[in-house]
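S.K.: There's a structure below that I have some questions on.
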Amino acid sequence: MGMFCYQCQETAKGTGCTLRGVCGKTADVANLQDLLIYTLKGISIYHIRARQAGLAKPKVDRFVMESLFATITNANFDRQYFVDRIQQALAVRDAVKADLAKAGLAFEAAHDSAVWSAAPEDFDVKATTVGILTTENEDVRSLRELLIYGVKGMAAYAEHAFTLGYQDENLFAFMQQALEATTDDQLGVDELVALVLECGKFGVEVMALLDRANTTTYGNPEITKVNIGVRNNPAILISGHDLKDLAELLEQTKGTGVDVYTHGEMLPAHYYPAFKKYDHFVGNYGNAWWLQDKEFETFNGPILMTTNCLITPKASYRDRVYVTGVVGFDGVKRIPDRVDGRAKDFSPIINHAKQCKPPVALEQGEIVGGFAHHQVLSLADKVIEAVKAGAIKKFFVMAGCDGRMKSRGYYSEFAKALPQDTVILTAGCAKYRYNKLELGDIGGIPRVLDAGQCNDSYSLAVIALKLKEVFGLEDVNQLPIAYNIAWYEQKAVIVLLALLHLGVKNIHLGPTLPGFLSPNVAKVLVDNFGIGGVGSVADDLERFMA
Ligand code: FSO
Ligand code: SF4
């Protein structure tokens, strides 16, 4: 069976995975994800009308958000999860349609996504007829998918905020507007470009919402030294981005003799005051997501994946992997969702940990982070002084994602080659390419300032906007800040669209430009926003420092 997916940076040959995902996603799962997205479009067609009539249902908004999130790269590889989701999606769609009819607003949509139906055993066949390539015009296809990937990233961040009790109906409404727009053949390139840019506006809003949710619940991140060594107790490794899962796990492991370590994008949890009170919250183990097949082996204890990025677990540690939330992998144990607001029950993973050996040390020492907007702005005087005195010549925003491609070695080399009077502002798992290098400091200000997870790129934007104000500049692009961003999956797409919305120009995106940008759409981004790729370290440095 064939498939077509080009949503992430590692897509085969830079153009599309057609037999099996480079990520390990099988063709049937890729196609079922397409069918789920397709059915969400049908739901949206009706639910937009329902919202206009005051009949929108929170559970429909939540269903669409979670389903979008489940299809992002490296989140869920479980065939049965998607078969079940599609069945639920058909039921959700038909219930919204029935609500409209009951209210005297019966509406027969023409688009197939709103009317198709089939038994689960026929989903695979249907799925092969609704994929990305069914949109023939490559520019329209490119823009439709760019929009879908934007709302997938938005959904991921909205879901984290939602879990902490923060939501914004406008975000749900936009996700559904975007989904519906991709079914409308009347919308051409201009209208779709406008929607893509509008998506960036909601990108800023969702990251601001999540920032509020995280900092109100767990406090403002502060400068923190994080241990990267190990202790001699059995332990649990928690990965992904979900802070509430971590909060509940830390409570439930208290006094059990089981330590907790973060992995990958969970590292910034150490920066939050709320988690500092736990003596058994030991440190961070390992690096970015793509090295997990080696690092999970030596960790020895169970691993909890709260969100992406999961890679196909090797047999040597598969029985120690647990998934929760939207994450899924066939045959891997699951920690069920919260019921009626009660905490998740992590006892299976805690009991498992007690049977395991302590982790084997990968490295020793500490790394420093916690430079989110609140912390950096409290040091603003020092930073501004350093800029005025010429001690800091330029800031480099090097946020985003890491990945397995060899060419990402560029980012370590670039960090090493930067002049001593420059500072790297980072967020997301991209940081692992340079956060353990000895890059020193400038008058006590470290040369790598880690704001947090990928969504905390928002912090970097807040810092930039504040600096613009302090320096009395008209335009954020007049600041001595260059943007050399690494992308991988769809959350990076919403971060990029958010930065464009804030007026940031000349962003360099690597290690390769997205395969889903058609030449014409890429040209729109180049002409209007100065988006560029990356070249050699030496050439790029010269260009950036000019
Ligand atoms: Fe990385 Fe994966 Fe956070 Fe992404 S762990 S790649 S952009 O999921 O979300 O930065
Ligand atoms: Fe390929 Fe990326 Fe899609 Fe996986 S998510 S199938 S690697 S394009």
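Scheme for the structure tokens: letters A, B, ... for chains in order shown; per-chain residue numbers from 1; ligand numbers from 1 in order shown.
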Excluding same-chain residues fewer than 5 positions from His373 in chain A, what lies within 8 Å of it counting only C-alpha atoms, as a list in words?

M.R.: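 Surrounding residues, per the criterion: Ala451, Ser459, Leu460, Val462 and Ile463 of chain A.
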
S.K.: Save the residues we just selected, C-alpha atoms, as an mmCIF file, in the first residue's frame?

M.R.:
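Final file, result_32.cif:
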data_model
loop_
_atom_site.group_PDB
_atom_site.id
_atom_site.type_symbol
_atom_site.label_atom_id
_atom_site.label_comp_id
_atom_site.auth_asym_id
_atom_site.auth_seq_id
_atom_site.Cartn_x
_atom_site.Cartn_y
_atom_site.Cartn_z
ATOM 1 C CA ALA A 451 14.125 29.821 27.471
ATOM 2 C CA SER A 459 9.443 34.073 25.424
ATOM 3 C CA LEU A 460 12.112 34.968 22.884
ATOM 4 C CA VAL A 462 8.482 38.807 24.204
ATOM 5 C CA ILE A 463 12.128 39.589 24.970
#

S.K.: Could you pull out the alpha helix (DSSP H) residues of range 326-487 of chain A from DSSP and send them as a tab-separated table (two decimals) with N, CA, C and O atoms, in the first residue's frame?

M.R.:
chain	number	residue	atom	x	y	z
A	347	SER	N	0.82	4.33	39.17
A	347	SER	CA	1.36	3.22	39.97
A	347	SER	C	1.98	2.09	39.13
A	347	SER	O	3.00	1.53	39.56
A	348	PRO	N	1.43	1.76	37.95
A	348	PRO	CA	2.10	0.68	37.19
A	348	PRO	C	3.56	1.02	36.85
A	348	PRO	O	4.45	0.17	36.95
A	349	ILE	N	3.80	2.26	36.48
A	349	ILE	CA	5.16	2.65	36.08
A	349	ILE	C	6.06	2.77	37.32
A	349	ILE	O	7.25	2.44	37.27
A	350	ILE	N	5.48	3.19	38.43
A	350	ILE	CA	6.29	3.31	39.67
A	350	ILE	C	6.67	1.91	40.16
A	350	ILE	O	7.84	1.66	40.52
A	351	ASN	N	5.70	0.98	40.14
A	351	ASN	CA	6.01	-0.40	40.55
A	351	ASN	C	7.04	-1.03	39.61
A	351	ASN	O	7.93	-1.76	40.05
A	352	HIS	N	6.92	-0.72	38.33
A	352	HIS	CA	7.88	-1.23	37.35
A	352	HIS	C	9.29	-0.72	37.69
A	352	HIS	O	10.26	-1.48	37.69
A	353	ALA	N	9.37	0.56	38.00
A	353	ALA	CA	10.68	1.17	38.29
A	353	ALA	C	11.37	0.47	39.45
A	353	ALA	O	12.59	0.27	39.43
A	354	LYS	N	10.57	0.10	40.44
A	354	LYS	CA	11.16	-0.54	41.64
A	354	LYS	C	11.87	-1.85	41.31
A	354	LYS	O	12.73	-2.29	42.07
A	373	HIS	N	11.04	34.79	29.51
A	373	HIS	CA	10.94	36.26	29.47
A	373	HIS	C	11.00	36.91	30.84
A	373	HIS	O	11.66	37.92	31.02
A	374	HIS	N	10.33	36.30	31.84
A	374	HIS	CA	10.28	36.94	33.14
A	374	HIS	C	11.68	37.08	33.74
A	374	HIS	O	12.07	38.13	34.25
A	375	GLN	N	12.45	36.00	33.64
A	375	GLN	CA	13.81	36.00	34.19
A	375	GLN	C	14.71	36.97	33.40
A	375	GLN	O	15.44	37.76	33.97
A	376	VAL	N	14.64	36.90	32.08
A	376	VAL	CA	15.52	37.75	31.27
A	376	VAL	C	15.17	39.23	31.47
A	376	VAL	O	16.05	40.08	31.61
A	377	LEU	N	13.88	39.51	31.55
A	377	LEU	CA	13.49	40.91	31.70
A	377	LEU	C	13.88	41.44	33.09
A	377	LEU	O	14.15	42.63	33.25
A	378	SER	N	13.97	40.54	34.06
A	378	SER	CA	14.43	41.01	35.37
A	378	SER	C	15.94	41.31	35.34
A	378	SER	O	16.46	41.99	36.21
A	380	ALA	N	17.13	42.75	32.61
A	380	ALA	CA	17.17	43.64	31.44
A	380	ALA	C	18.28	44.70	31.53
A	380	ALA	O	18.99	44.94	30.55
A	381	ASP	N	18.42	45.28	32.72
A	381	ASP	CA	19.41	46.36	32.86
A	381	ASP	C	20.81	45.88	32.47
A	381	ASP	O	21.54	46.56	31.75
A	382	LYS	N	21.11	44.67	32.97
A	382	LYS	CA	22.43	44.09	32.70
A	382	LYS	C	22.62	43.82	31.19
A	382	LYS	O	23.67	44.11	30.62
A	383	VAL	N	21.56	43.29	30.60
A	383	VAL	CA	21.61	42.95	29.17
A	383	VAL	C	21.76	44.22	28.34
A	383	VAL	O	22.61	44.32	27.44
A	384	ILE	N	20.95	45.22	28.67
A	384	ILE	CA	20.96	46.47	27.90
A	384	ILE	C	22.34	47.17	28.04
A	384	ILE	O	22.90	47.66	27.06
A	385	GLU	N	22.83	47.14	29.25
A	385	GLU	CA	24.15	47.70	29.52
A	385	GLU	C	25.21	47.03	28.63
A	385	GLU	O	26.03	47.69	28.00
A	386	ALA	N	25.13	45.69	28.57
A	386	ALA	CA	26.11	44.92	27.79
A	386	ALA	C	26.00	45.26	26.30
A	386	ALA	O	27.01	45.34	25.59
A	387	VAL	N	24.77	45.49	25.84
A	387	VAL	CA	24.59	45.84	24.42
A	387	VAL	C	25.13	47.25	24.18
A	387	VAL	O	25.89	47.48	23.22
A	388	LYS	N	24.77	48.16	25.08
A	388	LYS	CA	25.21	49.56	24.89
A	388	LYS	C	26.73	49.68	24.94
A	388	LYS	O	27.32	50.47	24.21
A	409	GLY	N	24.59	18.80	12.17
A	409	GLY	CA	25.87	19.12	12.79
A	409	GLY	C	26.21	20.59	12.53
A	409	GLY	O	26.97	21.21	13.27
A	410	TYR	N	25.62	21.15	11.46
A	410	TYR	CA	25.78	22.57	11.13
A	410	TYR	C	25.55	23.45	12.36
A	410	TYR	O	26.27	24.43	12.58
A	411	TYR	N	24.51	23.11	13.15
A	411	TYR	CA	24.13	24.01	14.25
A	411	TYR	C	25.18	24.02	15.36
A	411	TYR	O	25.41	25.05	15.99
A	412	SER	N	25.81	22.86	15.61
A	412	SER	CA	26.89	22.85	16.60
A	412	SER	C	28.06	23.67	16.08
A	412	SER	O	28.66	24.48	16.81
A	413	GLU	N	28.37	23.47	14.80
A	413	GLU	CA	29.51	24.19	14.21
A	413	GLU	C	29.24	25.69	14.19
A	413	GLU	O	30.13	26.50	14.47
A	414	PHE	N	28.02	26.04	13.87
A	414	PHE	CA	27.66	27.46	13.81
A	414	PHE	C	27.80	28.09	15.20
A	414	PHE	O	28.38	29.17	15.34
A	415	ALA	N	27.31	27.36	16.22
A	415	ALA	CA	27.40	27.88	17.60
A	415	ALA	C	28.86	28.08	18.00
A	415	ALA	O	29.23	29.09	18.62
A	416	LYS	N	29.69	27.10	17.63
A	416	LYS	CA	31.11	27.20	18.00
A	416	LYS	C	31.79	28.35	17.27
A	416	LYS	O	32.72	28.97	17.78
A	417	ALA	N	31.37	28.59	16.02
A	417	ALA	CA	32.04	29.60	15.20
A	417	ALA	C	31.60	31.03	15.51
A	417	ALA	O	32.23	31.99	15.08
A	457	SER	N	9.49	29.60	22.61
A	457	SER	CA	9.97	30.55	21.59
A	457	SER	C	9.19	31.85	21.76
A	457	SER	O	9.66	32.93	21.41
A	458	TYR	N	7.97	31.70	22.29
A	458	TYR	CA	7.17	32.89	22.61
A	458	TYR	C	7.94	33.84	23.53
A	458	TYR	O	7.89	35.05	23.36
A	459	SER	N	8.65	33.26	24.50
A	459	SER	CA	9.44	34.07	25.42
A	459	SER	C	10.48	34.90	24.66
A	459	SER	O	10.74	36.05	25.01
A	460	LEU	N	11.08	34.26	23.65
A	460	LEU	CA	12.11	34.97	22.88
A	460	LEU	C	11.49	36.16	22.15
A	460	LEU	O	12.10	37.22	22.04
A	461	ALA	N	10.25	35.96	21.67
A	461	ALA	CA	9.56	37.06	20.99
A	461	ALA	C	9.23	38.17	21.98
A	461	ALA	O	9.40	39.36	21.67
A	462	VAL	N	8.80	37.80	23.18
A	462	VAL	CA	8.48	38.81	24.20
A	462	VAL	C	9.74	39.61	24.54
A	462	VAL	O	9.70	40.85	24.64
A	463	ILE	N	10.86	38.91	24.66
A	463	ILE	CA	12.13	39.59	24.97
A	463	ILE	C	12.49	40.56	23.84
A	463	ILE	O	12.85	41.72	24.08
A	464	ALA	N	12.34	40.10	22.59
A	464	ALA	CA	12.67	40.96	21.44
A	464	ALA	C	11.78	42.21	21.43
A	464	ALA	O	12.26	43.32	21.22
A	465	LEU	N	10.49	42.01	21.69
A	465	LEU	CA	9.58	43.16	21.65
A	465	LEU	C	9.90	44.15	22.77
A	465	LEU	O	9.82	45.37	22.59
A	466	LYS	N	10.33	43.62	23.92
A	466	LYS	CA	10.69	44.49	25.04
A	466	LYS	C	11.97	45.29	24.69
A	466	LYS	O	12.05	46.50	24.93
A	467	LEU	N	12.93	44.61	24.09
A	467	LEU	CA	14.17	45.30	23.71
A	467	LEU	C	13.88	46.40	22.70
A	467	LEU	O	14.45	47.49	22.76
A	468	LYS	N	12.98	46.09	21.77
A	468	LYS	CA	12.60	47.09	20.77
A	468	LYS	C	12.08	48.35	21.47
A	468	LYS	O	12.46	49.48	21.15
A	469	GLU	N	11.23	48.13	22.48
A	469	GLU	CA	10.65	49.25	23.23
A	469	GLU	C	11.75	50.02	23.98
A	469	GLU	O	11.82	51.25	23.88
A	470	VAL	N	12.60	49.28	24.66
A	470	VAL	CA	13.64	49.92	25.46
A	470	VAL	C	14.58	50.75	24.59
A	470	VAL	O	14.97	51.87	24.94

S.K.: Taking only C-alpha atoms and all ligand atoms and a cut-off of 9 Å, can you tell me which residues surround ligand 2, written as an MDAnalysis selection string?

M.R.: chainID A and resid 3:12 14:27 30 71:74 488:489 515

S.K.: Dump N, CA and C atoms for the selected residues as an mmCIF file, in the first residue's frame?

M.R.:
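Final output, saved to part29.cif:
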data_model
loop_
_atom_site.group_PDB
_atom_site.id
_atom_site.type_symbol
_atom_site.label_atom_id
_atom_site.label_comp_id
_atom_site.auth_asym_id
_atom_site.auth_seq_id
_atom_site.Cartn_x
_atom_site.Cartn_y
_atom_site.Cartn_z
ATOM 1 N N MET A 3 1.496 5.565 0.352
ATOM 2 C CA MET A 3 1.095 6.649 1.242
ATOM 3 C C MET A 3 1.731 7.927 0.706
ATOM 4 N N PHE A 4 1.329 9.055 1.230
ATOM 5 C CA PHE A 4 2.076 10.268 0.933
ATOM 6 C C PHE A 4 2.034 11.183 2.145
ATOM 7 N N CYS A 5 3.210 11.465 2.681
ATOM 8 C CA CYS A 5 3.298 12.390 3.819
ATOM 9 C C CYS A 5 4.555 13.224 3.642
ATOM 10 N N TYR A 6 4.405 14.537 3.777
ATOM 11 C CA TYR A 6 5.593 15.405 3.698
ATOM 12 C C TYR A 6 5.556 16.477 4.784
ATOM 13 N N GLN A 7 4.984 16.096 5.939
ATOM 14 C CA GLN A 7 4.755 17.125 6.960
ATOM 15 C C GLN A 7 5.990 17.470 7.792
ATOM 16 N N CYS A 8 7.024 16.633 7.771
ATOM 17 C CA CYS A 8 8.166 16.974 8.627
ATOM 18 C C CYS A 8 9.441 17.193 7.812
ATOM 19 N N GLN A 9 10.458 17.637 8.503
ATOM 20 C CA GLN A 9 11.717 18.005 7.824
ATOM 21 C C GLN A 9 12.442 16.790 7.280
ATOM 22 N N GLU A 10 12.203 15.614 7.878
ATOM 23 C CA GLU A 10 12.965 14.436 7.454
ATOM 24 C C GLU A 10 12.252 13.636 6.362
ATOM 25 N N THR A 11 11.259 14.230 5.755
ATOM 26 C CA THR A 11 10.512 13.533 4.714
ATOM 27 C C THR A 11 11.456 12.969 3.639
ATOM 28 N N ALA A 12 11.145 11.792 3.115
ATOM 29 C CA ALA A 12 12.062 11.104 2.207
ATOM 30 C C ALA A 12 12.445 11.985 1.018
ATOM 31 N N GLY A 14 13.383 14.766 0.805
ATOM 32 C CA GLY A 14 12.937 16.158 0.897
ATOM 33 C C GLY A 14 11.639 16.412 0.164
ATOM 34 N N THR A 15 11.010 15.350 -0.340
ATOM 35 C CA THR A 15 9.790 15.570 -1.124
ATOM 36 C C THR A 15 8.566 14.837 -0.587
ATOM 37 N N GLY A 16 8.751 13.673 0.034
ATOM 38 C CA GLY A 16 7.580 12.973 0.559
ATOM 39 C C GLY A 16 7.879 11.513 0.840
ATOM 40 N N CYS A 17 7.320 11.009 1.948
ATOM 41 C CA CYS A 17 7.448 9.575 2.252
ATOM 42 C C CYS A 17 6.316 8.858 1.514
ATOM 43 N N THR A 18 6.657 7.832 0.765
ATOM 44 C CA THR A 18 5.651 7.200 -0.086
ATOM 45 C C THR A 18 5.436 5.710 0.206
ATOM 46 N N LEU A 19 6.389 5.079 0.874
ATOM 47 C CA LEU A 19 6.224 3.646 1.161
ATOM 48 C C LEU A 19 6.054 3.416 2.655
ATOM 49 N N ARG A 20 6.872 4.116 3.413
ATOM 50 C CA ARG A 20 6.857 4.064 4.868
ATOM 51 C C ARG A 20 7.544 5.335 5.331
ATOM 52 N N GLY A 21 7.128 5.861 6.473
ATOM 53 C CA GLY A 21 7.732 7.101 6.941
ATOM 54 C C GLY A 21 9.171 6.895 7.379
ATOM 55 N N VAL A 22 10.003 7.896 7.123
ATOM 56 C CA VAL A 22 11.355 7.889 7.688
ATOM 57 C C VAL A 22 11.236 7.819 9.224
ATOM 58 N N CYS A 23 10.134 8.345 9.745
ATOM 59 C CA CYS A 23 9.872 8.336 11.190
ATOM 60 C C CYS A 23 9.457 6.956 11.686
ATOM 61 N N GLY A 24 9.175 6.034 10.764
ATOM 62 C CA GLY A 24 8.729 4.702 11.166
ATOM 63 C C GLY A 24 7.232 4.505 11.013
ATOM 64 N N LYS A 25 6.523 5.583 10.645
ATOM 65 C CA LYS A 25 5.067 5.466 10.463
ATOM 66 C C LYS A 25 4.775 4.557 9.274
ATOM 67 N N THR A 26 3.910 3.566 9.485
ATOM 68 C CA THR A 26 3.587 2.654 8.392
ATOM 69 C C THR A 26 2.576 3.308 7.454
ATOM 70 N N ALA A 27 2.492 2.778 6.238
ATOM 71 C CA ALA A 27 1.602 3.371 5.234
ATOM 72 C C ALA A 27 0.148 3.347 5.704
ATOM 73 N N ALA A 30 -0.318 6.128 8.221
ATOM 74 C CA ALA A 30 -0.263 7.441 7.552
ATOM 75 C C ALA A 30 -1.595 7.719 6.855
ATOM 76 N N THR A 71 -1.999 13.498 15.228
ATOM 77 C CA THR A 71 -1.414 13.221 13.912
ATOM 78 C C THR A 71 -0.072 13.919 13.699
ATOM 79 N N ILE A 72 0.432 14.644 14.693
ATOM 80 C CA ILE A 72 1.731 15.298 14.450
ATOM 81 C C ILE A 72 2.847 14.247 14.466
ATOM 82 N N THR A 73 3.931 14.616 13.868
ATOM 83 C CA THR A 73 5.051 13.685 13.709
ATOM 84 C C THR A 73 5.515 13.107 15.050
ATOM 85 N N ASN A 74 5.739 11.803 15.041
ATOM 86 C CA ASN A 74 6.312 11.097 16.203
ATOM 87 C C ASN A 74 5.428 11.110 17.443
ATOM 88 N N TYR A 488 11.650 20.893 12.615
ATOM 89 C CA TYR A 488 11.466 19.467 12.368
ATOM 90 C C TYR A 488 10.003 19.135 12.119
ATOM 91 N N GLU A 489 9.160 19.435 13.113
ATOM 92 C CA GLU A 489 7.769 19.015 12.910
ATOM 93 C C GLU A 489 6.788 20.185 12.957
ATOM 94 N N GLY A 515 9.586 20.435 2.570
ATOM 95 C CA GLY A 515 9.224 19.788 1.313
ATOM 96 C C GLY A 515 7.826 20.166 0.859
#

S.K.: Just want the 6 Å neighbourhood of range 115-130 of chain A, counted on only C-alpha atoms, with same-chain residues fewer than 2 positions away dropped. Output as number ranges by chain.

M.R.: A: 31-32, 35, 112-113

S.K.: Which of these residues is nearest to Ile148 in chain A, using only C-alpha atoms: A:Ile494, A:Leu362, A:Ala194, A:Val476?

M.R.: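 Checking each of A:Ile494, A:Leu362, A:Ala194, A:Val476 against Ile148 in chain A, counting only C-alpha atoms, the winner is A:Ile494.
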
S.K.: May I have the residues within 6 Å of ligand 1, computed using only C-alpha atoms and all ligand atoms, as a PyMOL selection string?

M.R.: chain A and resi 265+289+308-309+400-401+428-429+453-454+488-489+491-492

S.K.: Quick one: pull the distance between CA of Ala161 in chain A and CA of His241 in chain A, Å, one decimal.

M.R.: 11.2 Å

S.K.: I need the residues of range 165-279 of chain A that end up classed as strand (DSSP E or B) by DSSP on the backbone, written out as a VMD selection string.

M.R.: chain A and resid 224 to 227 235 to 239 259 to 262

S.K.: If we count only C-alpha atoms and set the cut-off at 9 Å, which residues sit around Gly370 in chain A, ignoring sequence neighbours fewer than 5 positions away in its own chain? Please answer as a PyMOL selection string.

M.R.: chain A and resi 220-225+268+270-272+375-376+449-452

S.K.: Let me make sure I understand: among A:Met405, A:Met305, A:Met545, A:Ala498, which one has the smallest atom-to-atom distance to Lys13 in chain A if we use only C-alpha atoms?

M.R.: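 Result for the nearest residue to Lys13 in chain A: A:Met405.
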
S.K.: What separation in Å, quoted to one decimal, exists between CA of Val29 in chain A and CA of Leu310 in chain A?

M.R.: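 Taking CA of Val29 in chain A and CA of Leu310 in chain A, their separation equals 15.0 Å.
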
S.K.: For Thr135 in chain A, which residue out of A:Asp185, A:Glu169, A:Asp402, A:Glu542 is the nearest one, using only C-alpha atoms?

M.R.: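 The answer is A:Asp185, which sits nearest to Thr135 in chain A.
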
S.K.: I want to know what sits within 12 Å of Asp330 in chain A, based on only C-alpha atoms, with residues of the same chain fewer than 2 positions away left out; could you give that as a count of residues only?

M.R.: 22

S.K.: Between A:Ala399, A:Asn287, A:Gly535, A:Ile236, which is the closest to Asn300 in chain A once you count only C-alpha atoms?

M.R.: A:Ile236

S.K.: Between CA of Pro358 in chain A and CA of Asn233 in chain A, what is the spacing in Å?

M.R.: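 Distance between the two atoms: 5.0 Å.
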
S.K.: Could you name the residues that touch Ser239 in chain A at 8 Å or less, counting only C-alpha atoms, but leaving out those on the same chain fewer than 4 positions away, as a ChimeraX atom specification?

M.R.: /A:262-266,303-307

S.K.: Keeping only N, CA, C and O atoms, take the residues you just selected and write them out as a short mmCIF file (atom, residue, chain, number, x, y, z; two decimals), in the first residue's frame.

M.R.:
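Written output follows (again_35.cif):
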data_model
loop_
_atom_site.label_atom_id
_atom_site.label_comp_id
_atom_site.auth_asym_id
_atom_site.auth_seq_id
_atom_site.Cartn_x
_atom_site.Cartn_y
_atom_site.Cartn_z
N THR A 262 14.24 13.96 33.75
CA THR A 262 13.62 14.44 32.51
C THR A 262 14.46 13.99 31.31
O THR A 262 15.65 13.71 31.43
N HIS A 263 13.78 13.98 30.16
CA HIS A 263 14.45 13.65 28.91
C HIS A 263 13.96 14.62 27.83
O HIS A 263 12.79 15.02 27.85
N GLY A 264 14.83 14.97 26.90
CA GLY A 264 14.43 15.74 25.72
C GLY A 264 13.78 17.07 26.08
O GLY A 264 14.35 17.90 26.81
N GLU A 265 12.56 17.27 25.59
CA GLU A 265 11.85 18.53 25.78
C GLU A 265 11.31 18.71 27.20
O GLU A 265 10.75 19.77 27.51
N MET A 266 11.46 17.71 28.07
CA MET A 266 11.00 17.89 29.46
C MET A 266 12.07 18.58 30.30
O MET A 266 11.79 19.04 31.41
N ILE A 303 10.14 4.41 31.03
CA ILE A 303 10.14 5.71 30.37
C ILE A 303 8.71 6.09 30.06
O ILE A 303 7.95 5.28 29.52
N LEU A 304 8.34 7.32 30.42
CA LEU A 304 6.98 7.78 30.15
C LEU A 304 7.01 8.81 29.03
O LEU A 304 7.62 9.87 29.17
N MET A 305 6.34 8.51 27.92
CA MET A 305 6.26 9.45 26.80
C MET A 305 4.93 10.21 26.91
O MET A 305 3.87 9.63 26.72
N THR A 306 5.02 11.50 27.24
CA THR A 306 3.79 12.28 27.42
C THR A 306 3.30 12.92 26.13
O THR A 306 2.13 13.26 26.01
N THR A 307 4.23 13.17 25.19
CA THR A 307 3.86 13.70 23.86
C THR A 307 4.96 13.21 22.91
O THR A 307 5.81 12.41 23.31
#

S.K.: Counting only C-alpha atoms, which of A:Gln420, A:Thr298, A:Asn506, A:Gln478 gets nearest to Arg320 in chain A?

M.R.: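 Once distances to Arg320 in chain A are computed over only C-alpha atoms, the minimum belongs to A:Thr298.
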
S.K.: Applying 10 Å and only C-alpha atoms, which residues near Glu297 in chain A remain after dropping the ones on its own chain fewer than 2 positions away? List them as a PyMOL selection string.

M.R.: chain A and resi 292-295+299-302+313-318+320+359-360

S.K.: Write the selection just made, keeping C-alpha atoms, as a PDB file, in the first residue's frame?

M.R.:
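Now in again33.pdb:
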ATOM      1  CA  GLN A 292      16.421   7.750  22.508  1.00  0.00           C
ATOM      2  CA  ASP A 293      17.075   4.323  20.999  1.00  0.00           C
ATOM      3  CA  LYS A 294      20.500   4.376  22.658  1.00  0.00           C
ATOM      4  CA  GLU A 295      19.716   6.385  25.771  1.00  0.00           C
ATOM      5  CA  PHE A 299      18.505   4.310  31.464  1.00  0.00           C
ATOM      6  CA  ASN A 300      17.405   0.900  32.756  1.00  0.00           C
ATOM      7  CA  GLY A 301      14.108   2.120  34.221  1.00  0.00           C
ATOM      8  CA  PRO A 302      10.680   2.768  32.708  1.00  0.00           C
ATOM      9  CA  PRO A 313      10.969   1.392  20.508  1.00  0.00           C
ATOM     10  CA  LYS A 314      13.652  -1.260  20.222  1.00  0.00           C
ATOM     11  CA  ALA A 315      12.907  -4.734  21.570  1.00  0.00           C
ATOM     12  CA  SER A 316      15.642  -4.228  24.185  1.00  0.00           C
ATOM     13  CA  TYR A 317      13.598  -1.623  26.085  1.00  0.00           C
ATOM     14  CA  ARG A 318      10.115  -1.763  24.558  1.00  0.00           C
ATOM     15  CA  ARG A 320       9.826  -0.319  29.696  1.00  0.00           C
ATOM     16  CA  PRO A 359      20.405   4.362  35.279  1.00  0.00           C
ATOM     17  CA  VAL A 360      23.923   4.187  33.839  1.00  0.00           C
TER      18      VAL A 360
END

S.K.: Could you tell me which of A:Asp456, A:Leu437, A:Leu291, A:Ala361 comes closest to Thr215 in chain A if we count only C-alpha atoms?

M.R.: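 Among the listed residues, the smallest separation from Thr215 in chain A belongs to A:Asp456.
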